[in-house]
Amino acid sequence: MSETLLTLDNVCVELGSGDSAIRPVDGVSLAINKGETYALLGESGCGKSMTALSILRLLPQPIGHITSGRVLLGNDELTALPESEMRRIRGRRISMIFQEPMTSLNPVLTVGDQIAEVLRQHHGMKGRVAQDRVLELLDAVGIPDARRRFREYPHQLSGGMKQRVMISIALAGEPDLLIADEPTTALDVTIQAQVLELLQQLQQDTHMAILLITHDLGIVAGMADRVAVMYAGQLVEEASRDRFFGSAAHPYSQKLFESLPEVRKREHALNTIKGTVPPLDRVFTGCRFAERCDSGWDYCSDHIPGWNPAEPGHHARCHLLDDSLTKPAVNTRSQDETAHAAAHTSRGERLLQVSDLKVHFPIHKGVFKRVAGHVYAVDGVSMSIPQGCTQALVGESGCGKTTVGKGILQLIRPTAGSVQFDDLELTTLKGKRLRKKRSDFQFIFQDPYSSMNPRMMVGDIVEEGMVAQGIGASRQARRARVEELFAQVGLAAAHTQRYPHEFSGGQRQRICIARALAVDPRLIVCDEPTSALDVSVQAQILNLLKDLQNTLGLSYLFITHNLSVVSYLADRVAVMYLGRIVEEGPVAEVLESPLHPYTRALLSAVPMVDAGTEREIIRLEGDLPSPSSPPRGCHFHPRCPQAMAACREDYPGESRRGDHSVRCYLHQ
């Protein structure tokens, strides 16, 4: 029998005091064995991260405190240890990968110094020994050109690279327990596969346990030994991985599976969970999921469900599993059937035409800051987006996807190329003319926290763009519009009076989407807009984006690493590698019959919910080359399993198969 490493015994956490206190963790009990991966699922705001922070006693101070229960690490009761002892445990026996890397990394220390700090604190490593170990860790998590990145600061890295640095810091202490809070949220699928494989290998080598907090059911299917589902501060289901994926017992868990985007659901709205997670400052007298449950009846609202067995080793907090109760023959609550609005009549007219877009950043060296080279972030990208259509852009972190979006919207001035929006050349616009035009195109940024002013209430943040563009007859009209937008993205009107730090990562992303919609744009560049969202809220956002597109004729440039979302939402998809598009075409053709070896590698790395599905995973050799010195010939040839002599000489030209294009010598 496995030895228990961590035990939570009826842990309760309060933020604040008195009647207004919020209880994000309300009687949570669980046990994690040595060498086990324990997955914790649930919507944003359900208390998953607070559960993790309570283990490390890193609750927000001075308002957060554990009011009852025990946290045991082996035989040590962490809730009774002084702070000096906890500092020796954090980073050494228990490490944590935080959800938002930009807010967790120190902006004034280099990446190398931040990793070396852990080695110095817990292993006594200094100098060359520490530096060599840091470089090993950076290589292990797939950061290219590790020696250069060692001396860089967090703001110089992409979102995916910052997340990999956080993983390096967490692994540096060689912990007994690794708490991974959305560890692969900002990573593309190939790096995600590398990181998950790395965590599994380290787990085998060191017998490390992992508490995995995630909203990706595919990752859970491939990684977890046991699964727990959390809702409104409580565990509502716990089972082994096979039992959970074979027969989830709680209606909430079943809804999570139904919310997953798939290609076969393209013509229909995704099944969503109505409403939102209830506020956690209230006293519950019944099932916490009752107001949103399609399988409940009146009894659920007035009686608290027990921890009922579904099968041996499988429990759920639901009255449906209580054999002593008489259930209604037919559910009294019917599920709402949703359908997408009819397509907009102007769908298909060209809105955006990008031709040979280039964005090169100069590299300055020496005392006089002479230009010693360039970073070829975007090196000749062309695409066309019709009105009312979605163009997806996928590729590894650091390949230039976000820079393409910023270059199109003139947030970064292109080095060369043409960007025509509704036959107007944007690269020639400046000053007031460009600012006035910005209401037609908006950007949803990847990191929601750093894109909002922390000193402004979120209602004012959403309203700010409307004020700048002169939208709304009065402040009252604008506030009414803000509240309407909050309702559209699944937030309450009361949330407008809060600050960004008072929301979870998923809630902040919804606020950013509301801000983009506030000025009635025609084109929205969506940079990973659902990466921070759990599957149920992701379904709401995807339905919202699709309905807005159909009713208003909106166009989207959808930058993402989630190919399941691409298969559901996009009309066309472009695959980008090291500043250039290597394959582009209709989404069904590219995803079902990929032509480029890189596209095939991306698709093979996507986690599958059906863990029993047999498939070949293509492991790419080496790292993504530096965009400051791309390889001669095809940029992908150093990592390509099918590279030929011609690939090393010249960059391949475009080959077409109908409406499907590829740049690869295999198809010329």
# chains A, B, ... in the order shown; residues from 1 in each chain; ligands from 1
>>> residues_around(residues="Glu237 of chain A", least_positions_apart="2", cutoff="10 Å", atoms="only C-alpha atoms", output="PDB file with N, CA and C atoms, in the first residue's frame")
ATOM      1  N   LEU A  41      -9.828  19.470 -10.294  1.00  0.00           N
ATOM      2  CA  LEU A  41     -10.559  20.140 -11.362  1.00  0.00           C
ATOM      3  C   LEU A  41     -11.610  21.066 -10.775  1.00  0.00           C
ATOM      4  N   VAL A 227      -8.487  11.693  -9.367  1.00  0.00           N
ATOM      5  CA  VAL A 227      -9.089  12.954  -9.775  1.00  0.00           C
ATOM      6  C   VAL A 227     -10.095  13.395  -8.720  1.00  0.00           C
ATOM      7  N   ALA A 228     -10.031  14.690  -8.355  1.00  0.00           N
ATOM      8  CA  ALA A 228     -11.042  15.288  -7.483  1.00  0.00           C
ATOM      9  C   ALA A 228     -11.609  16.512  -8.183  1.00  0.00           C
ATOM     10  N   VAL A 229     -12.910  16.702  -8.055  1.00  0.00           N
ATOM     11  CA  VAL A 229     -13.593  17.846  -8.653  1.00  0.00           C
ATOM     12  C   VAL A 229     -14.043  18.762  -7.527  1.00  0.00           C
ATOM     13  N   MET A 230     -13.714  20.057  -7.658  1.00  0.00           N
ATOM     14  CA  MET A 230     -14.036  21.032  -6.612  1.00  0.00           C
ATOM     15  C   MET A 230     -15.080  22.012  -7.130  1.00  0.00           C
ATOM     16  N   TYR A 231     -16.035  22.331  -6.264  1.00  0.00           N
ATOM     17  CA  TYR A 231     -17.063  23.302  -6.636  1.00  0.00           C
ATOM     18  C   TYR A 231     -17.455  24.111  -5.402  1.00  0.00           C
ATOM     19  N   GLN A 234     -15.883  23.162  -1.965  1.00  0.00           N
ATOM     20  CA  GLN A 234     -15.949  21.787  -1.492  1.00  0.00           C
ATOM     21  C   GLN A 234     -15.567  20.816  -2.597  1.00  0.00           C
ATOM     22  N   LEU A 235     -15.072  19.634  -2.200  1.00  0.00           N
ATOM     23  CA  LEU A 235     -14.916  18.549  -3.160  1.00  0.00           C
ATOM     24  C   LEU A 235     -16.285  17.927  -3.401  1.00  0.00           C
ATOM     25  N   ALA A 239     -12.358  10.167  -7.502  1.00  0.00           N
ATOM     26  CA  ALA A 239     -12.312   8.814  -8.055  1.00  0.00           C
ATOM     27  C   ALA A 239     -10.959   8.584  -8.689  1.00  0.00           C
ATOM     28  N   PHE A 244     -13.335   7.921 -13.187  1.00  0.00           N
ATOM     29  CA  PHE A 244     -13.862   9.262 -13.434  1.00  0.00           C
ATOM     30  C   PHE A 244     -14.166   9.459 -14.911  1.00  0.00           C
ATOM     31  N   ALA A 248     -18.318   9.442 -14.793  1.00  0.00           N
ATOM     32  CA  ALA A 248     -18.408  10.546 -13.824  1.00  0.00           C
ATOM     33  C   ALA A 248     -19.788  10.544 -13.190  1.00  0.00           C
ATOM     34  N   ALA A 249     -19.845  10.699 -11.858  1.00  0.00           N
ATOM     35  CA  ALA A 249     -21.103  10.519 -11.136  1.00  0.00           C
ATOM     36  C   ALA A 249     -21.820  11.823 -10.835  1.00  0.00           C
ATOM     37  N   HIS A 250     -21.103  12.914 -10.591  1.00  0.00           N
ATOM     38  CA  HIS A 250     -21.751  14.167 -10.198  1.00  0.00           C
ATOM     39  C   HIS A 250     -22.218  14.927 -11.436  1.00  0.00           C
ATOM     40  N   PRO A 251     -23.426  15.526 -11.411  1.00  0.00           N
ATOM     41  CA  PRO A 251     -23.908  16.289 -12.577  1.00  0.00           C
ATOM     42  C   PRO A 251     -22.942  17.388 -13.019  1.00  0.00           C
ATOM     43  N   TYR A 252     -22.212  17.983 -12.087  1.00  0.00           N
ATOM     44  CA  TYR A 252     -21.243  19.021 -12.441  1.00  0.00           C
ATOM     45  C   TYR A 252     -20.098  18.437 -13.274  1.00  0.00           C
ATOM     46  N   SER A 253     -19.584  17.280 -12.860  1.00  0.00           N
ATOM     47  CA  SER A 253     -18.516  16.627 -13.619  1.00  0.00           C
ATOM     48  C   SER A 253     -18.992  16.259 -15.014  1.00  0.00           C
ATOM     49  N   TRP A 307     -21.388  12.673   1.477  1.00  0.00           N
ATOM     50  CA  TRP A 307     -20.312  12.132   0.641  1.00  0.00           C
ATOM     51  C   TRP A 307     -20.675  10.682   0.330  1.00  0.00           C
ATOM     52  N   ASN A 308     -21.410  10.503  -0.777  1.00  0.00           N
ATOM     53  CA  ASN A 308     -22.031   9.212  -1.079  1.00  0.00           C
ATOM     54  C   ASN A 308     -21.173   8.382  -2.036  1.00  0.00           C
ATOM     55  N   PRO A 309     -21.122   7.048  -1.832  1.00  0.00           N
ATOM     56  CA  PRO A 309     -20.341   6.191  -2.732  1.00  0.00           C
ATOM     57  C   PRO A 309     -21.090   5.933  -4.042  1.00  0.00           C
ATOM     58  N   ALA A 310     -20.354   6.015  -5.159  1.00  0.00           N
ATOM     59  CA  ALA A 310     -20.900   5.610  -6.457  1.00  0.00           C
ATOM     60  C   ALA A 310     -20.416   4.202  -6.794  1.00  0.00           C
ATOM     61  N   HIS A 314     -14.917   5.507  -5.241  1.00  0.00           N
ATOM     62  CA  HIS A 314     -15.494   6.585  -6.054  1.00  0.00           C
ATOM     63  C   HIS A 314     -16.660   7.196  -5.277  1.00  0.00           C
ATOM     64  N   HIS A 315     -16.515   8.472  -4.886  1.00  0.00           N
ATOM     65  CA  HIS A 315     -17.532   9.157  -4.094  1.00  0.00           C
ATOM     66  C   HIS A 315     -17.939  10.465  -4.754  1.00  0.00           C
ATOM     67  N   ALA A 316     -19.173  10.881  -4.482  1.00  0.00           N
ATOM     68  CA  ALA A 316     -19.656  12.163  -4.991  1.00  0.00           C
ATOM     69  C   ALA A 316     -20.616  12.768  -3.980  1.00  0.00           C
ATOM     70  N   ARG A 317     -20.615  14.098  -3.916  1.00  0.00           N
ATOM     71  CA  ARG A 317     -21.481  14.828  -2.991  1.00  0.00           C
ATOM     72  C   ARG A 317     -22.777  15.176  -3.736  1.00  0.00           C
ATOM     73  N   CYS A 318     -23.688  14.186  -3.841  1.00  0.00           N
ATOM     74  CA  CYS A 318     -24.902  14.366  -4.640  1.00  0.00           C
ATOM     75  C   CYS A 318     -26.027  13.501  -4.090  1.00  0.00           C
TER      76      CYS A 318
END
>>> closest_atom_pairs(of="segment 449-500 of chain A", to="segment 519-541 of chain A", cutoff="8 Å", atoms="only C-alpha atoms", output="Markdown table")
| residue | atom | partner | partner_atom | distance |
| --- | --- | --- | --- | --- |
| A:Gly465 | CA | A:Val519 | CA | 6.5 |
| A:Met466 | CA | A:Val519 | CA | 5.6 |
| A:Gln469 | CA | A:Val519 | CA | 7.4 |
| A:Ile471 | CA | A:Val519 | CA | 7.0 |
| A:Val489 | CA | A:Ile541 | CA | 6.6 |
| A:Gly490 | CA | A:Gln540 | CA | 7.7 |
>>> residues_around(residues="Gln200 of chain A", least_positions_apart="3", cutoff="12 Å", atoms="only C-alpha atoms", output="PyMOL selection string")
chain A and resi 35-37+178+193-197+203-210+212+219+222-225
>>> write_last_selection(atoms="N, CA, C and O atoms", output="mmCIF file, in the first residue's frame")
data_model
loop_
_atom_site.group_PDB
_atom_site.id
_atom_site.type_symbol
_atom_site.label_atom_id
_atom_site.label_comp_id
_atom_site.auth_asym_id
_atom_site.auth_seq_id
_atom_site.Cartn_x
_atom_site.Cartn_y
_atom_site.Cartn_z
ATOM 1 N N GLY A 35 4.666 9.733 -4.782
ATOM 2 C CA GLY A 35 4.771 9.303 -6.169
ATOM 3 C C GLY A 35 3.485 9.357 -6.952
ATOM 4 O O GLY A 35 3.442 8.941 -8.117
ATOM 5 N N GLU A 36 2.419 9.916 -6.363
ATOM 6 C CA GLU A 36 1.103 9.934 -7.012
ATOM 7 C C GLU A 36 0.839 11.300 -7.637
ATOM 8 O O GLU A 36 1.314 12.330 -7.156
ATOM 9 N N THR A 37 0.074 11.296 -8.723
ATOM 10 C CA THR A 37 -0.419 12.539 -9.306
ATOM 11 C C THR A 37 -1.900 12.664 -8.992
ATOM 12 O O THR A 37 -2.709 11.831 -9.420
ATOM 13 N N LEU A 178 5.104 18.547 -5.549
ATOM 14 C CA LEU A 178 5.038 19.677 -6.464
ATOM 15 C C LEU A 178 3.573 20.052 -6.661
ATOM 16 O O LEU A 178 2.776 19.233 -7.123
ATOM 17 N N ALA A 193 3.724 18.993 -24.068
ATOM 18 C CA ALA A 193 4.041 17.564 -24.054
ATOM 19 C C ALA A 193 5.414 17.321 -23.444
ATOM 20 O O ALA A 193 5.602 16.377 -22.665
ATOM 21 N N GLN A 194 6.405 18.175 -23.777
ATOM 22 C CA GLN A 194 7.744 18.041 -23.208
ATOM 23 C C GLN A 194 7.723 18.232 -21.689
ATOM 24 O O GLN A 194 8.351 17.481 -20.941
ATOM 25 N N VAL A 195 6.993 19.269 -21.229
ATOM 26 C CA VAL A 195 6.950 19.571 -19.799
ATOM 27 C C VAL A 195 6.262 18.453 -19.025
ATOM 28 O O VAL A 195 6.736 18.018 -17.969
ATOM 29 N N LEU A 196 5.139 17.964 -19.555
ATOM 30 C CA LEU A 196 4.431 16.884 -18.868
ATOM 31 C C LEU A 196 5.268 15.612 -18.836
ATOM 32 O O LEU A 196 5.295 14.896 -17.829
ATOM 33 N N GLU A 197 5.969 15.349 -19.939
ATOM 34 C CA GLU A 197 6.871 14.187 -19.968
ATOM 35 C C GLU A 197 8.000 14.376 -18.960
ATOM 36 O O GLU A 197 8.401 13.426 -18.261
ATOM 37 N N GLN A 203 9.073 12.443 -11.678
ATOM 38 C CA GLN A 203 8.266 11.726 -10.694
ATOM 39 C C GLN A 203 8.752 10.284 -10.545
ATOM 40 O O GLN A 203 8.852 9.763 -9.431
ATOM 41 N N GLN A 204 9.093 9.656 -11.683
ATOM 42 C CA GLN A 204 9.601 8.289 -11.626
ATOM 43 C C GLN A 204 10.972 8.235 -10.957
ATOM 44 O O GLN A 204 11.267 7.323 -10.179
ATOM 45 N N ASP A 205 11.823 9.228 -11.258
ATOM 46 C CA ASP A 205 13.189 9.218 -10.731
ATOM 47 C C ASP A 205 13.251 9.550 -9.249
ATOM 48 O O ASP A 205 14.084 8.988 -8.513
ATOM 49 N N THR A 206 12.420 10.475 -8.798
ATOM 50 C CA THR A 206 12.515 10.968 -7.419
ATOM 51 C C THR A 206 11.349 10.540 -6.533
ATOM 52 O O THR A 206 11.347 10.836 -5.345
ATOM 53 N N HIS A 207 10.351 9.882 -7.128
ATOM 54 C CA HIS A 207 9.133 9.487 -6.394
ATOM 55 C C HIS A 207 8.401 10.711 -5.842
ATOM 56 O O HIS A 207 7.816 10.695 -4.764
ATOM 57 N N MET A 208 8.484 11.808 -6.595
ATOM 58 C CA MET A 208 7.819 13.057 -6.226
ATOM 59 C C MET A 208 6.309 12.932 -6.442
ATOM 60 O O MET A 208 5.852 12.353 -7.429
ATOM 61 N N ALA A 209 5.533 13.490 -5.536
ATOM 62 C CA ALA A 209 4.080 13.552 -5.709
ATOM 63 C C ALA A 209 3.716 14.876 -6.366
ATOM 64 O O ALA A 209 4.429 15.876 -6.221
ATOM 65 N N ILE A 210 2.615 14.878 -7.103
ATOM 66 C CA ILE A 210 2.172 16.082 -7.804
ATOM 67 C C ILE A 210 0.706 16.342 -7.488
ATOM 68 O O ILE A 210 -0.134 15.449 -7.630
ATOM 69 N N LEU A 212 -1.931 18.402 -9.137
ATOM 70 C CA LEU A 212 -2.100 19.041 -10.436
ATOM 71 C C LEU A 212 -3.437 19.767 -10.488
ATOM 72 O O LEU A 212 -4.495 19.146 -10.471
ATOM 73 N N ILE A 219 -5.093 16.677 -20.224
ATOM 74 C CA ILE A 219 -3.906 16.536 -19.381
ATOM 75 C C ILE A 219 -4.202 15.610 -18.210
ATOM 76 O O ILE A 219 -3.391 14.751 -17.845
ATOM 77 N N GLY A 222 -4.100 12.003 -19.219
ATOM 78 C CA GLY A 222 -2.773 11.472 -19.463
ATOM 79 C C GLY A 222 -1.861 11.443 -18.256
ATOM 80 O O GLY A 222 -0.880 10.695 -18.249
ATOM 81 N N MET A 223 -2.167 12.231 -17.219
ATOM 82 C CA MET A 223 -1.237 12.396 -16.098
ATOM 83 C C MET A 223 -1.721 11.818 -14.776
ATOM 84 O O MET A 223 -0.927 11.279 -14.001
ATOM 85 N N ALA A 224 -2.996 11.950 -14.479
ATOM 86 C CA ALA A 224 -3.483 11.745 -13.113
ATOM 87 C C ALA A 224 -3.611 10.267 -12.748
ATOM 88 O O ALA A 224 -3.901 9.417 -13.590
ATOM 89 N N ASP A 225 -3.398 9.984 -11.470
ATOM 90 C CA ASP A 225 -3.740 8.686 -10.893
ATOM 91 C C ASP A 225 -5.127 8.758 -10.260
ATOM 92 O O ASP A 225 -5.926 7.832 -10.406
#
>>> closest_residue(among="A:Glu589, A:Lys430, A:Val371, A:Ser626", to="Arg657 of chain A", atoms="only C-alpha atoms")
A:Glu589
>>> atom_distance(atom1="atom CA of Asn10 of chain A", atom2="atom CA of Val28 of chain A")
4.9 Å
>>> residues_around(residues="segment 476-486 of chain A", least_positions_apart="2", cutoff="8 Å", atoms="only C-alpha atoms", output="list in words")
Gly459, Val462, Glu463, Met466, Ile471, Gly472, Ala473, Ser474, Gln488, Val489, Gly490, Leu491, Ala492, Ala493, Thr496, Ile511, Ala514, Leu517 and Ala518 of chain A
>>> closest_residue(among="A:His123, A:His155, A:Arg128, A:Arg515", to="Glu174 of chain A", atoms="only C-alpha atoms")
A:His123
>>> residues_around(residues="Met457 of chain A", least_positions_apart="4", cutoff="7 Å", atoms="only C-alpha atoms", output="NGL selection string")
:A and (461 or 496-500)
>>> write_last_selection(atoms="C-alpha atoms", output="mmCIF file, in the first residue's frame")
data_model
loop_
_atom_site.group_PDB
_atom_site.id
_atom_site.type_symbol
_atom_site.label_atom_id
_atom_site.label_comp_id
_atom_site.auth_asym_id
_atom_site.auth_seq_id
_atom_site.Cartn_x
_atom_site.Cartn_y
_atom_site.Cartn_z
ATOM 1 C CA ILE A 461 -11.474 49.746 -17.215
ATOM 2 C CA THR A 496 -17.880 46.224 -11.840
ATOM 3 C CA GLN A 497 -17.041 47.806 -8.478
ATOM 4 C CA ARG A 498 -14.042 45.583 -7.793
ATOM 5 C CA TYR A 499 -10.338 45.802 -8.629
ATOM 6 C CA PRO A 500 -8.420 43.349 -10.872
#
>>> select_by_dssp(residues="segment 375-458 of chain A", states="strand (DSSP E or B)", output="PyMOL selection string")
chain A and resi 375-386+390-394+416-421+424-425+441-444
>>> residues_around(residues="Ile618 of chain A", least_positions_apart="6", cutoff="10 Å", atoms="only C-alpha atoms", output="VMD selection string")
chain A and resid 190 597 to 598 600 to 605 641
>>> write_last_selection(atoms="N, CA and C atoms", output="PDB file, in the first residue's frame")
ATOM      1  N   THR A 190       3.414  21.342 -28.129  1.00  0.00           N
ATOM      2  CA  THR A 190       4.669  20.589 -28.172  1.00  0.00           C
ATOM      3  C   THR A 190       5.469  20.783 -26.893  1.00  0.00           C
ATOM      4  N   PRO A 597       5.424  18.460 -41.859  1.00  0.00           N
ATOM      5  CA  PRO A 597       5.840  17.646 -40.696  1.00  0.00           C
ATOM      6  C   PRO A 597       5.653  18.362 -39.369  1.00  0.00           C
ATOM      7  N   TYR A 598       5.803  19.687 -39.361  1.00  0.00           N
ATOM      8  CA  TYR A 598       5.617  20.434 -38.112  1.00  0.00           C
ATOM      9  C   TYR A 598       4.162  20.399 -37.670  1.00  0.00           C
ATOM     10  N   ARG A 600       2.016  18.061 -38.325  1.00  0.00           N
ATOM     11  CA  ARG A 600       1.744  16.706 -37.830  1.00  0.00           C
ATOM     12  C   ARG A 600       2.275  16.522 -36.410  1.00  0.00           C
ATOM     13  N   ALA A 601       3.441  17.121 -36.125  1.00  0.00           N
ATOM     14  CA  ALA A 601       3.992  17.031 -34.766  1.00  0.00           C
ATOM     15  C   ALA A 601       3.109  17.760 -33.758  1.00  0.00           C
ATOM     16  N   LEU A 602       2.596  18.948 -34.137  1.00  0.00           N
ATOM     17  CA  LEU A 602       1.687  19.675 -33.250  1.00  0.00           C
ATOM     18  C   LEU A 602       0.451  18.847 -32.921  1.00  0.00           C
ATOM     19  N   LEU A 603      -0.162  18.268 -33.948  1.00  0.00           N
ATOM     20  CA  LEU A 603      -1.401  17.515 -33.750  1.00  0.00           C
ATOM     21  C   LEU A 603      -1.165  16.264 -32.904  1.00  0.00           C
ATOM     22  N   SER A 604      -0.002  15.652 -33.060  1.00  0.00           N
ATOM     23  CA  SER A 604       0.268  14.431 -32.302  1.00  0.00           C
ATOM     24  C   SER A 604       0.474  14.701 -30.816  1.00  0.00           C
ATOM     25  N   ALA A 605       0.822  15.955 -30.481  1.00  0.00           N
ATOM     26  CA  ALA A 605       1.109  16.302 -29.081  1.00  0.00           C
ATOM     27  C   ALA A 605      -0.117  16.760 -28.315  1.00  0.00           C
ATOM     28  N   PRO A 641      12.012  15.288 -38.823  1.00  0.00           N
ATOM     29  CA  PRO A 641      12.383  13.876 -39.001  1.00  0.00           C
ATOM     30  C   PRO A 641      12.452  13.459 -40.463  1.00  0.00           C
TER      31      PRO A 641
END
